[in-house]
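Engineer: Sending over a structure as structure tokens; questions will come in a sec.
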Amino acid sequence: MANKDIDITVRTGTVHALCGENGAGKSTLMKILYGMQQPDEGTITVNGETVTFHTPADAIARGIGMVHQHFMLADNLTVLENVVLGAEKLHGIGAKARTKIREISDAYGLNVRPDVLLEELGVADRQRVEILKVLYRGAKTLILDEPTAVLVPQEVDALFDNLRELKAEGLTVIFISHKLGEVLSVADEITVIRRGTTVGTVEPAGTTPKQLAELMVGSELPTPETEESTVTDVPLLKLDGLHLAQTDLDGVERIILDNISFTIHKGEVLGIAGVEGNGQSELVEAIMGIRDPDAGAITLDGTDISHAPTRHRREAGVGYIPEDRHRHGLLLEAPLWENRILGHVTEKPNSRGQLLDIKAARTDTTRIIEAYDVRTPGIDVTAASLSGGNQQKLIVGREMSHAPKLLIAAHPTRGVDVGAQAAIWDHIREARREGLAVLLISADLDELIGLSDTLRVMYRGRLVADADPATITPEELGSAMTGAATGHLEHTEASGPESTEDDAR
Amino acid sequence: MKKLTQRIDKERLLLGIAAPLLAVVAALVVTTLVILATGKNPGAAFSDMVTYGSASDSQVYILNKATTYYLAGVSVAIGFRMNLFNIGVDGQYRIAAFFAAVLGGALTTPGWISIPLIILCAMATGALWAGIAGVLKVTRGVSEVISTIMLNSIATAIIAYLLQPGKLAELQSGGTVVSTKPLPESSYFFQIDTGASGELWGFIVIAVAIGVAYWFVLGRTRFGFDLRTVGQSEPAAAASGVSVKKMIATSMLISGAVAGLIGMPTLLNDSHQFSNDFPLGIGFTGIAIALLGRNNPIGIALGALLWGFLERTTNHLEFEGYDKEILGVIQGVIVLCVVIAYELVRRYGLKRQQQRVGAELAAQAAATTQKQEVA
């Protein structure tokens with residue numbers, strides 16, 4: 001996505017947030033700032049000096065560092081080794097480097113232990129290592145790309161404390177986020193980008209989430225609230241004692257799914273909360289038939305599909321919005337119309353008998369693009385050339401076009417702008433009214449609480465807690481996600497009022 | 001909007017042609033330098049290649065050669081479309097041709113029965129040989145690159161063992177050549193008499209049919225779509241419902257079956273027996289041709305023709321006092337350049353399309369906001 005007439009001024013010693021719809025050009029802007037892409041026009045000025053960045057190394061040399069959304073760390077190395085990797089010249093790889101890491105860690109309250117193996121660290125700790133890595137290389141300006149996407153609320157608070165610490169020490173933070181509540185709570189200034197242009201910079205004081213969202217999309221704020229319940233008593237998907245274990249390279253057996261049982265009825269949305277990596281992906285893959293469970297049964301609409309092939313399940317009416325759309329949902333180098341066929345090659349309108357029906361598939365791709373507002377100049381461009389949000393809309397459109405009975409939606413609105421988010425929620429709700437059963441997995445707790453009829457919490461491969469989405473708060477869910485609470489989560493009044501802050505989404 | 005799509009398509013086509021063109025031009029430049037370095041005149045060499053290569057007897061020779069090469073290219077390309085590197089095409093076609101020749105020599109049935117049987121035997125043998133690598137890959141995770149290279153050596157050893165008098169071969173009348181029993185004349189494939197220029201092998205018809213089938217199956221059928229999906233992204237294919245393992249095994253079988261055909265033009269149209277001088281190494285030529293032709297049925301045909309042309313003309317250059325190693329230089333440089341050029345062009349194309357789509361969408365957005373403002 002192109003950028004045009006971007007004007008941003010970030011003052012030293014502040015946290016500057018960057019908001020915008022996905023596809024608005026945030027990522028491109030960040031890539032330019034970090035030297036991964038070159039602008040056609042315009043200038044970047046650092047401390048009054050006009051600069052050009054050809055590579056990330058140039059940016060680092062000017063004190064600009066980036067913390068990516070997906071961590072770039074090696075599991076089998078220690079924190080120290082991860083930090084010095086590629087920057088061995090700065091302080092060596094031994095005692096001097098260790099001292100330096102301790103120094104940085106203490107100065108900013110990062111609480112990083114240099115000699116721990118990375119695989120022993122949780123997501124929040126890893127993120128702190130990433131931040132430290134950037135600081136170690138001498139960055140004075142940090143760019144954080146959606147840093148809160150993988151964190152639970154408590155961890156988000158801790159991260160914000162870190163950011164305030166950095167700010168107090170005179171560093172500058174550029175913070176990219178979709179979550180308006182967070183942005184308002186941590187930023188000193190907020191710049192909103194829409195369609196590749198800056199539409200305004202506001203101070204958080206005196207700005208409501210609603211005003212901010214309107215700046216972003218120029219329309220009303222969507223909420224994920226479901227209206228009246230559509231849950232029926234007809235079970236559609238039943239999991240009974242699902243068990244999956246994996247033997248790793250050292251021969252140690254690891255239990256990934258442990259006795260998972262639940263039932264989703266027609267018209268019901270079952271939400272599963274959990275920190276990523278607690279077995280959610282494997283659960284989805286077991287239901288999709290990509291992984292074969294060791295024990296237990298999966299029953300879809302009365303038929304046992306525990307070991308049925310994936311294609312069989314798809315034909316039986318399972319729609320699938322995968323968590324990693326690039327790996328599992330799209331053929332990036334294939335045109336959009338071929339991507340429309342993907343996963344439904346045996347179904348109409350994509351094929352007749354053994355032959356593809358290219359004409360019908362193309363026509364239907366055009367229909368999806370219009371109905372789901374996929375912004376593309378045509379159906380012959382490759383999927384890779386669309387922005388993330390538009391790719392997701394295409395996937396949702398494709399999966400919904402085959403009248404699924406069960407929709408497995410893993411992070412259906414991740415990386416999707418506010419406008420498209422509302423559209424995707426609407427599609428899910430509409431299908432739910434017609435009896436669609438949905439298994440919803442999301443890291444966005446507001447989305448989970450707002451859309452689900454039933455909530456479960458997954459922790460280390462087990463469903464450890466359940467909750468009533470009508471009363472539960474993200475904070476309460478968060479504590480169960482870290483394993484601190486189990487069983488039926490009762491809403492306690494004490495944490496009640498806090499929840500309104502995050503209703504911004 | 002339609003215009004843009006067309007433009008992108010046209011650009012894609014242009015980019016598609018750019019890479020092999022670049023490679024051939026680079027090869028010409030390098031060859032020129034090599035000839036210059038040997039102190040000869042490259043201009044004369046090239047003009048000799050063109051005049052000699054376009055003579056009518058050369059044309060027939062090139063077409064005959066290209067028939068074999070085309071089948072080799074398609075066989076390799078089937079694997080490539082799946083992201084499988086079937087290096088074993090070489091062993092597959094040799095062992096297939098050997099057993100087909102043995103069968104053909106033993107058959108006394110009329111041609112309309114024998115010829116299909118010989119061809120089927122070759123395809124089955126090729127498929128079986130490739131299938132071993134396929135099964136190893138899906139059951140044990142053995143890289144097809146390693147297993148097919150080894151199967152090539154095993155094929156060589158098996159043929160050497162069986163191609164002995166008293167085993168499956170006999171000493172020919174001259175007493176110098178060991179070969180399988182020659183095919184009866186009724187089992188010869190038809191040829192097109194072109195007069196003084198020689199005989200055009202009828203097997204070219206089968207090669208064309210294979211090309212059409214390759215295009216149709218890959219581009220127009222569900223099976224082809226599944227196969228391409230696995231080639232582009234295994235996780236996406238698995239999530240979409242393709243059984244990746246089954247697909248790997250199947251495509252290995254098909255690639256092997258087509259590989260089995262590679263020896264057939266020579267066997268049925270030319271040598272009519274399998275002897276020690278049966279052409280070697282065509283499987284590797286197939287890899288180069290599939291790369292050059294971008295796995296495209298037309299592209300592979302052009303690559304096969306180019307290869308035939310180069311062989312024919314550089315042979316002649318030798319008589320003109322040039323070094324025969326020029327052939328190797330040209331072919332090697334072409335393959336090297338092609339691999340590099342494709343990757344460069346591919347990356348450039350992807351990036352360019354992304355930019356174009358972005359620019360187009362921005363323009364659209366600007367247009368709609370303007371309209372709104374006017375309204």
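Chain lettering (A, B, ...) mirrors the order of the structure tokens, residue numbering begins at 1 for each chain separately, and ligand numbering begins at 1 in order of display.
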Please report as a compact mmCIF listing (two decimals) with all heavy atoms, in the first residue's frame which residues of chain A come no farther than 9 Å from chain B, using only C-alpha atoms.

Structural biologist:
```txt
# COMPACT_ATOMS: atom_id res chain seq x y z
N MET A 1 0.85 -1.20 0.00
CA MET A 1 0.00 0.00 0.00
C MET A 1 0.88 1.24 0.00
O MET A 1 1.87 1.31 0.71
CB MET A 1 -0.93 -0.04 1.22
CG MET A 1 -1.76 1.20 1.40
SD MET A 1 -2.77 1.58 -0.03
CE MET A 1 -4.01 0.34 0.12
N ALA A 2 0.53 2.21 -0.78
CA ALA A 2 1.36 3.39 -0.93
C ALA A 2 1.11 4.40 0.19
O ALA A 2 0.06 4.44 0.80
CB ALA A 2 1.06 4.04 -2.27
N ASN A 3 2.13 5.16 0.41
CA ASN A 3 2.01 6.30 1.32
C ASN A 3 2.03 7.57 0.51
O ASN A 3 2.68 7.66 -0.53
CB ASN A 3 3.21 6.34 2.28
CG ASN A 3 3.02 5.40 3.46
OD1 ASN A 3 3.93 5.13 4.19
ND2 ASN A 3 1.81 4.90 3.62
N LYS A 4 1.33 8.58 0.99
CA LYS A 4 1.30 9.84 0.27
C LYS A 4 1.18 10.96 1.30
O LYS A 4 0.36 10.88 2.20
CB LYS A 4 0.08 9.84 -0.67
CG LYS A 4 0.23 10.77 -1.84
CD LYS A 4 -1.02 10.73 -2.70
CE LYS A 4 -2.19 11.39 -2.02
NZ LYS A 4 -3.44 11.33 -2.74
N ARG A 195 -5.79 5.80 4.56
CA ARG A 195 -5.52 5.68 3.13
C ARG A 195 -4.19 6.28 2.73
O ARG A 195 -4.08 7.04 1.78
CB ARG A 195 -6.64 6.32 2.32
CG ARG A 195 -7.89 5.49 2.41
CD ARG A 195 -8.93 5.94 1.43
NE ARG A 195 -9.98 4.94 1.37
CZ ARG A 195 -11.27 5.24 1.34
NH1 ARG A 195 -11.67 6.47 1.34
NH2 ARG A 195 -12.16 4.29 1.27
N GLY A 196 -3.17 5.98 3.52
CA GLY A 196 -1.83 6.39 3.14
C GLY A 196 -1.47 7.82 3.47
O GLY A 196 -0.38 8.27 3.17
N GLU A 285 -6.19 -27.69 14.23
CA GLU A 285 -5.69 -28.62 13.21
C GLU A 285 -6.28 -30.02 13.39
O GLU A 285 -6.49 -30.72 12.40
CB GLU A 285 -4.16 -28.66 13.24
CG GLU A 285 -3.58 -27.37 12.67
CD GLU A 285 -2.06 -27.32 12.71
OE1 GLU A 285 -1.43 -28.25 13.25
OE2 GLU A 285 -1.52 -26.33 12.22
N MET A 288 -9.70 -29.81 11.96
CA MET A 288 -9.65 -29.71 10.50
C MET A 288 -9.13 -30.97 9.84
O MET A 288 -9.21 -31.12 8.62
CB MET A 288 -8.73 -28.55 10.10
CG MET A 288 -9.34 -27.18 10.17
SD MET A 288 -10.91 -27.06 9.33
CE MET A 288 -10.45 -27.37 7.63
N GLY A 289 -8.54 -31.87 10.63
CA GLY A 289 -8.03 -33.10 10.04
C GLY A 289 -6.60 -32.99 9.56
O GLY A 289 -6.11 -33.86 8.84
N ILE A 290 -5.93 -31.90 9.93
CA ILE A 290 -4.53 -31.76 9.53
C ILE A 290 -3.64 -32.57 10.48
O ILE A 290 -2.61 -33.08 10.10
CB ILE A 290 -4.12 -30.27 9.52
CG1 ILE A 290 -5.04 -29.51 8.56
CG2 ILE A 290 -2.67 -30.09 9.14
CD1 ILE A 290 -4.95 -28.01 8.67
N PRO A 309 -10.44 -37.49 6.32
CA PRO A 309 -9.50 -36.56 5.68
C PRO A 309 -10.05 -35.13 5.65
O PRO A 309 -11.26 -34.92 5.69
CB PRO A 309 -9.33 -37.12 4.27
CG PRO A 309 -10.45 -38.08 4.06
CD PRO A 309 -10.90 -38.54 5.41
N THR A 310 -9.13 -34.18 5.57
CA THR A 310 -9.50 -32.76 5.60
C THR A 310 -10.53 -32.41 4.54
O THR A 310 -11.50 -31.71 4.80
CB THR A 310 -8.24 -31.90 5.39
OG1 THR A 310 -7.28 -32.29 6.36
CG2 THR A 310 -8.56 -30.43 5.55
N ARG A 311 -10.31 -32.92 3.33
CA ARG A 311 -11.22 -32.55 2.25
C ARG A 311 -12.64 -33.00 2.54
O ARG A 311 -13.60 -32.27 2.31
CB ARG A 311 -10.73 -33.15 0.93
CG ARG A 311 -11.68 -32.88 -0.22
CD ARG A 311 -10.97 -32.82 -1.53
NE ARG A 311 -10.15 -31.62 -1.66
CZ ARG A 311 -9.21 -31.47 -2.58
NH1 ARG A 311 -8.96 -32.43 -3.42
NH2 ARG A 311 -8.52 -30.36 -2.64
N HIS A 312 -12.75 -34.18 3.11
CA HIS A 312 -14.04 -34.71 3.48
C HIS A 312 -14.74 -33.77 4.46
O HIS A 312 -15.92 -33.47 4.36
CB HIS A 312 -13.81 -36.09 4.10
CG HIS A 312 -15.04 -36.80 4.49
ND1 HIS A 312 -15.68 -37.67 3.66
CD2 HIS A 312 -15.78 -36.74 5.62
CE1 HIS A 312 -16.75 -38.13 4.26
NE2 HIS A 312 -16.84 -37.58 5.46
N ARG A 313 -13.98 -33.28 5.43
CA ARG A 313 -14.56 -32.38 6.44
C ARG A 313 -14.99 -31.06 5.82
O ARG A 313 -16.03 -30.52 6.14
CB ARG A 313 -13.53 -32.10 7.55
CG ARG A 313 -13.11 -33.37 8.24
CD ARG A 313 -12.15 -33.08 9.34
NE ARG A 313 -11.41 -34.31 9.66
CZ ARG A 313 -10.94 -34.60 10.86
NH1 ARG A 313 -11.08 -33.75 11.85
NH2 ARG A 313 -10.30 -35.73 11.07
N ARG A 314 -14.16 -30.56 4.91
CA ARG A 314 -14.52 -29.31 4.26
C ARG A 314 -15.79 -29.48 3.46
O ARG A 314 -16.68 -28.62 3.49
CB ARG A 314 -13.38 -28.85 3.35
CG ARG A 314 -12.25 -28.17 4.12
CD ARG A 314 -11.31 -27.55 3.12
NE ARG A 314 -10.31 -26.70 3.73
CZ ARG A 314 -10.42 -25.38 3.84
NH1 ARG A 314 -11.50 -24.77 3.42
NH2 ARG A 314 -9.45 -24.67 4.38
N TYR A 320 -13.04 -22.58 7.33
CA TYR A 320 -11.82 -22.46 8.11
C TYR A 320 -11.14 -21.12 7.82
O TYR A 320 -10.73 -20.86 6.69
CB TYR A 320 -10.90 -23.62 7.77
CG TYR A 320 -9.55 -23.64 8.45
CD1 TYR A 320 -9.39 -23.14 9.74
CD2 TYR A 320 -8.44 -24.19 7.81
CE1 TYR A 320 -8.15 -23.19 10.36
CE2 TYR A 320 -7.20 -24.24 8.44
CZ TYR A 320 -7.06 -23.73 9.71
OH TYR A 320 -5.83 -23.77 10.32
N PRO A 322 -7.89 -19.60 8.89
CA PRO A 322 -6.69 -20.00 9.64
C PRO A 322 -6.01 -18.82 10.33
O PRO A 322 -6.21 -17.68 9.94
CB PRO A 322 -5.79 -20.58 8.56
CG PRO A 322 -6.24 -19.97 7.29
CD PRO A 322 -7.68 -19.59 7.44
N ARG A 325 -2.71 -16.62 7.83
CA ARG A 325 -3.31 -16.67 6.50
C ARG A 325 -2.27 -16.89 5.41
O ARG A 325 -2.57 -17.47 4.38
CB ARG A 325 -4.15 -15.43 6.22
CG ARG A 325 -3.44 -14.13 6.41
CD ARG A 325 -4.35 -12.94 6.10
NE ARG A 325 -3.74 -11.72 6.62
CZ ARG A 325 -4.10 -11.11 7.72
NH1 ARG A 325 -5.10 -11.60 8.42
NH2 ARG A 325 -3.49 -10.03 8.12
N HIS A 326 -1.05 -16.42 5.65
CA HIS A 326 -0.04 -16.58 4.59
C HIS A 326 0.38 -18.03 4.44
O HIS A 326 0.65 -18.51 3.35
CB HIS A 326 1.19 -15.72 4.89
CG HIS A 326 0.91 -14.27 4.68
ND1 HIS A 326 1.83 -13.30 4.93
CD2 HIS A 326 -0.20 -13.65 4.24
CE1 HIS A 326 1.30 -12.12 4.65
NE2 HIS A 326 0.07 -12.31 4.24
N ARG A 327 0.44 -18.75 5.55
CA ARG A 327 0.87 -20.14 5.48
C ARG A 327 -0.27 -21.08 5.12
O ARG A 327 -0.09 -22.00 4.34
CB ARG A 327 1.46 -20.57 6.83
CG ARG A 327 2.97 -20.46 6.90
CD ARG A 327 3.45 -20.76 8.30
NE ARG A 327 3.26 -22.15 8.67
CZ ARG A 327 4.04 -23.14 8.29
NH1 ARG A 327 5.05 -22.89 7.51
NH2 ARG A 327 3.80 -24.37 8.67
N HIS A 328 -1.43 -20.84 5.72
CA HIS A 328 -2.49 -21.83 5.58
C HIS A 328 -3.70 -21.39 4.76
O HIS A 328 -4.52 -22.20 4.40
CB HIS A 328 -2.98 -22.25 6.97
CG HIS A 328 -1.95 -22.95 7.78
ND1 HIS A 328 -1.36 -22.37 8.88
CD2 HIS A 328 -1.36 -24.14 7.62
CE1 HIS A 328 -0.47 -23.21 9.37
NE2 HIS A 328 -0.44 -24.28 8.64
N GLY A 329 -3.79 -20.11 4.50
CA GLY A 329 -5.03 -19.65 3.90
C GLY A 329 -4.92 -19.19 2.46
O GLY A 329 -5.93 -19.02 1.79
N LEU A 330 -3.70 -18.97 1.99
CA LEU A 330 -3.56 -18.36 0.67
C LEU A 330 -2.40 -18.97 -0.10
O LEU A 330 -1.47 -19.52 0.49
CB LEU A 330 -3.27 -16.86 0.81
CG LEU A 330 -4.37 -15.96 1.37
CD1 LEU A 330 -3.79 -14.59 1.68
CD2 LEU A 330 -5.51 -15.84 0.39
N LEU A 331 -2.50 -18.87 -1.42
CA LEU A 331 -1.34 -19.11 -2.26
C LEU A 331 -0.87 -17.73 -2.69
O LEU A 331 -1.48 -17.09 -3.53
CB LEU A 331 -1.73 -19.94 -3.49
CG LEU A 331 -2.31 -21.32 -3.18
CD1 LEU A 331 -2.78 -21.99 -4.45
CD2 LEU A 331 -1.28 -22.17 -2.48
N LEU A 332 0.18 -17.25 -2.05
CA LEU A 332 0.55 -15.84 -2.20
C LEU A 332 0.89 -15.45 -3.63
O LEU A 332 0.62 -14.34 -4.05
CB LEU A 332 1.72 -15.51 -1.28
CG LEU A 332 1.32 -15.43 0.19
CD1 LEU A 332 2.55 -15.25 1.07
CD2 LEU A 332 0.35 -14.30 0.44
N GLU A 333 1.48 -16.38 -4.36
CA GLU A 333 1.91 -15.99 -5.70
C GLU A 333 0.89 -16.37 -6.77
O GLU A 333 1.15 -16.24 -7.95
CB GLU A 333 3.28 -16.59 -6.01
CG GLU A 333 4.35 -15.92 -5.17
CD GLU A 333 5.77 -16.32 -5.55
OE1 GLU A 333 5.97 -16.71 -6.70
OE2 GLU A 333 6.65 -16.22 -4.69
N ALA A 334 -0.27 -16.83 -6.34
CA ALA A 334 -1.32 -17.17 -7.29
C ALA A 334 -2.33 -16.02 -7.34
O ALA A 334 -2.48 -15.28 -6.37
CB ALA A 334 -2.01 -18.46 -6.87
N GLU A 338 -7.62 -17.93 -8.24
CA GLU A 338 -7.15 -19.27 -7.85
C GLU A 338 -7.25 -19.43 -6.33
O GLU A 338 -7.53 -20.51 -5.83
CB GLU A 338 -5.72 -19.50 -8.32
CG GLU A 338 -5.63 -19.72 -9.81
CD GLU A 338 -4.32 -20.36 -10.24
OE1 GLU A 338 -3.43 -20.60 -9.40
OE2 GLU A 338 -4.18 -20.62 -11.44
N ILE A 341 -10.52 -20.59 -5.28
CA ILE A 341 -10.75 -22.03 -5.44
C ILE A 341 -10.14 -22.82 -4.28
O ILE A 341 -10.68 -23.84 -3.87
CB ILE A 341 -10.14 -22.51 -6.78
CG1 ILE A 341 -10.80 -21.79 -7.96
CG2 ILE A 341 -10.27 -24.02 -6.93
CD1 ILE A 341 -10.21 -22.14 -9.31
N LEU A 342 -9.04 -22.29 -3.75
CA LEU A 342 -8.28 -23.02 -2.72
C LEU A 342 -9.19 -23.50 -1.58
O LEU A 342 -9.92 -22.72 -0.99
CB LEU A 342 -7.19 -22.10 -2.16
CG LEU A 342 -6.24 -22.75 -1.15
CD1 LEU A 342 -5.36 -23.77 -1.83
CD2 LEU A 342 -5.40 -21.71 -0.45
N GLY A 343 -9.11 -24.79 -1.31
CA GLY A 343 -9.88 -25.34 -0.20
C GLY A 343 -11.26 -25.80 -0.61
O GLY A 343 -11.92 -26.52 0.13
N HIS A 344 -11.72 -25.35 -1.77
CA HIS A 344 -13.07 -25.73 -2.19
C HIS A 344 -13.06 -26.17 -3.63
O HIS A 344 -14.01 -25.92 -4.38
CB HIS A 344 -14.02 -24.54 -2.00
CG HIS A 344 -14.07 -24.06 -0.59
ND1 HIS A 344 -14.86 -24.64 0.36
CD2 HIS A 344 -13.37 -23.09 0.04
CE1 HIS A 344 -14.66 -24.03 1.53
NE2 HIS A 344 -13.77 -23.09 1.35
N VAL A 345 -11.98 -26.84 -4.01
CA VAL A 345 -11.81 -27.18 -5.43
C VAL A 345 -12.84 -28.20 -5.88
O VAL A 345 -13.21 -28.25 -7.05
CB VAL A 345 -10.36 -27.66 -5.68
CG1 VAL A 345 -10.09 -28.99 -5.02
CG2 VAL A 345 -10.05 -27.74 -7.15
N THR A 346 -13.36 -28.99 -4.94
CA THR A 346 -14.32 -30.01 -5.35
C THR A 346 -15.76 -29.49 -5.35
O THR A 346 -16.68 -30.21 -5.69
CB THR A 346 -14.26 -31.20 -4.38
OG1 THR A 346 -14.49 -30.72 -3.06
CG2 THR A 346 -12.92 -31.89 -4.42
N ASN A 350 -16.55 -23.91 -8.33
CA ASN A 350 -15.16 -24.02 -8.77
C ASN A 350 -14.91 -25.15 -9.76
O ASN A 350 -13.98 -25.09 -10.53
CB ASN A 350 -14.25 -24.20 -7.57
CG ASN A 350 -14.32 -23.01 -6.64
OD1 ASN A 350 -14.57 -21.90 -7.09
ND2 ASN A 350 -14.14 -23.24 -5.36
N SER A 351 -15.73 -26.19 -9.69
CA SER A 351 -15.45 -27.30 -10.60
C SER A 351 -16.74 -28.00 -10.98
O SER A 351 -17.75 -27.92 -10.29
CB SER A 351 -14.50 -28.30 -9.93
OG SER A 351 -15.09 -28.82 -8.76
N GLY A 353 -17.50 -31.88 -12.05
CA GLY A 353 -16.85 -33.18 -12.17
C GLY A 353 -15.38 -33.03 -11.84
O GLY A 353 -15.04 -32.37 -10.87
N GLN A 354 -14.54 -33.59 -12.67
CA GLN A 354 -13.11 -33.53 -12.39
C GLN A 354 -12.47 -32.26 -12.95
O GLN A 354 -11.31 -31.99 -12.69
CB GLN A 354 -12.41 -34.76 -13.00
CG GLN A 354 -12.63 -36.04 -12.21
CD GLN A 354 -12.03 -35.98 -10.82
OE1 GLN A 354 -10.93 -35.48 -10.62
NE2 GLN A 354 -12.78 -36.46 -9.82
N LEU A 355 -13.25 -31.49 -13.72
CA LEU A 355 -12.67 -30.33 -14.37
C LEU A 355 -12.93 -29.05 -13.59
O LEU A 355 -13.97 -28.89 -12.96
CB LEU A 355 -13.25 -30.17 -15.78
CG LEU A 355 -12.97 -31.31 -16.76
CD1 LEU A 355 -13.46 -30.94 -18.14
CD2 LEU A 355 -11.49 -31.63 -16.79
N LEU A 356 -11.97 -28.14 -13.65
CA LEU A 356 -12.18 -26.83 -13.05
C LEU A 356 -13.16 -26.05 -13.90
O LEU A 356 -13.17 -26.18 -15.12
CB LEU A 356 -10.86 -26.05 -13.01
CG LEU A 356 -9.73 -26.56 -12.13
CD1 LEU A 356 -8.54 -25.61 -12.26
CD2 LEU A 356 -10.17 -26.66 -10.69
N ASP A 357 -13.98 -25.26 -13.25
CA ASP A 357 -14.85 -24.36 -13.99
C ASP A 357 -14.30 -22.95 -13.80
O ASP A 357 -14.73 -22.21 -12.93
CB ASP A 357 -16.29 -24.47 -13.47
CG ASP A 357 -17.26 -23.74 -14.37
OD1 ASP A 357 -16.79 -22.92 -15.19
OD2 ASP A 357 -18.47 -23.98 -14.26
N ILE A 358 -13.31 -22.63 -14.62
CA ILE A 358 -12.56 -21.40 -14.40
C ILE A 358 -13.45 -20.17 -14.54
O ILE A 358 -13.37 -19.23 -13.77
CB ILE A 358 -11.35 -21.34 -15.36
CG1 ILE A 358 -10.36 -22.44 -14.96
CG2 ILE A 358 -10.68 -19.97 -15.32
CD1 ILE A 358 -9.16 -22.55 -15.82
N ARG A 375 -10.48 -4.73 -1.39
CA ARG A 375 -10.00 -3.64 -2.23
C ARG A 375 -8.85 -4.12 -3.10
O ARG A 375 -7.75 -4.34 -2.63
CB ARG A 375 -9.58 -2.46 -1.38
CG ARG A 375 -10.79 -1.89 -0.68
CD ARG A 375 -10.54 -0.57 -0.05
NE ARG A 375 -11.66 -0.31 0.87
CZ ARG A 375 -11.56 0.41 1.95
NH1 ARG A 375 -10.41 0.96 2.27
NH2 ARG A 375 -12.61 0.59 2.73
N THR A 376 -9.15 -4.31 -4.37
CA THR A 376 -8.15 -4.79 -5.32
C THR A 376 -8.52 -4.25 -6.69
O THR A 376 -9.70 -4.05 -6.99
CB THR A 376 -8.14 -6.33 -5.36
OG1 THR A 376 -7.37 -6.74 -6.49
CG2 THR A 376 -9.53 -6.91 -5.49
N PRO A 377 -7.53 -4.02 -7.52
CA PRO A 377 -7.86 -3.56 -8.87
C PRO A 377 -8.39 -4.66 -9.78
O PRO A 377 -8.87 -4.38 -10.86
CB PRO A 377 -6.53 -3.02 -9.40
CG PRO A 377 -5.49 -3.62 -8.55
CD PRO A 377 -6.11 -3.94 -7.24
N GLY A 378 -8.32 -5.90 -9.38
CA GLY A 378 -8.83 -6.95 -10.25
C GLY A 378 -8.61 -8.31 -9.63
O GLY A 378 -8.02 -8.42 -8.56
N ILE A 379 -9.08 -9.36 -10.32
CA ILE A 379 -8.95 -10.69 -9.75
C ILE A 379 -7.73 -11.42 -10.29
O ILE A 379 -7.50 -12.56 -9.96
CB ILE A 379 -10.21 -11.54 -10.00
CG1 ILE A 379 -10.48 -11.68 -11.49
CG2 ILE A 379 -11.41 -10.93 -9.30
CD1 ILE A 379 -11.56 -12.68 -11.78
N ASP A 380 -6.95 -10.75 -11.13
CA ASP A 380 -5.77 -11.41 -11.68
C ASP A 380 -4.49 -11.02 -10.97
O ASP A 380 -3.41 -11.49 -11.31
CB ASP A 380 -5.64 -11.11 -13.18
CG ASP A 380 -6.67 -11.89 -13.97
OD1 ASP A 380 -6.66 -13.13 -13.85
OD2 ASP A 380 -7.49 -11.27 -14.66
N VAL A 381 -4.60 -10.11 -9.99
CA VAL A 381 -3.39 -9.76 -9.24
C VAL A 381 -3.12 -10.89 -8.23
O VAL A 381 -4.01 -11.63 -7.84
CB VAL A 381 -3.54 -8.42 -8.50
CG1 VAL A 381 -3.82 -7.32 -9.49
CG2 VAL A 381 -4.62 -8.48 -7.46
N THR A 382 -1.87 -10.99 -7.82
CA THR A 382 -1.53 -12.04 -6.87
C THR A 382 -2.03 -11.67 -5.48
O THR A 382 -2.17 -10.49 -5.15
CB THR A 382 -0.01 -12.24 -6.78
OG1 THR A 382 0.58 -10.99 -6.44
CG2 THR A 382 0.56 -12.74 -8.08
N ALA A 384 -0.45 -11.85 -2.84
CA ALA A 384 0.61 -11.17 -2.10
C ALA A 384 0.53 -9.66 -2.25
O ALA A 384 1.01 -8.92 -1.39
CB ALA A 384 1.98 -11.66 -2.57
N SER A 385 -0.09 -9.18 -3.33
CA SER A 385 -0.08 -7.73 -3.52
C SER A 385 -1.21 -7.04 -2.77
O SER A 385 -1.29 -5.83 -2.77
CB SER A 385 -0.12 -7.40 -5.02
OG SER A 385 -1.09 -8.14 -5.68
N LEU A 386 -2.09 -7.80 -2.12
CA LEU A 386 -3.13 -7.17 -1.30
C LEU A 386 -2.61 -6.90 0.11
O LEU A 386 -1.71 -7.58 0.59
CB LEU A 386 -4.35 -8.08 -1.19
CG LEU A 386 -5.12 -8.42 -2.46
CD1 LEU A 386 -6.43 -9.09 -2.08
CD2 LEU A 386 -5.39 -7.18 -3.27
N SER A 387 -3.21 -5.94 0.77
CA SER A 387 -2.85 -5.71 2.17
C SER A 387 -3.49 -6.80 3.02
O SER A 387 -4.42 -7.48 2.60
CB SER A 387 -3.36 -4.34 2.61
OG SER A 387 -4.77 -4.38 2.73
```

Engineer: Mind the document's chain letters and residue numbers, and return as an MDAnalysis selection string the residues of range 78-212 of chain B that DSSP labels strand (DSSP E).

Structural biologist: chainID B and resid 170:171 178:179 191:193 199:201

Engineer: Find the spatial neighbours of Lys65 in chain B, counting only C-alpha atoms, within a cut-off of 7 Å - ignore same-chain residues fewer than 4 positions away - and output them as a list of chain:residue names.

Structural biologist: B:Tyr61, B:Tyr69, B:Gly308
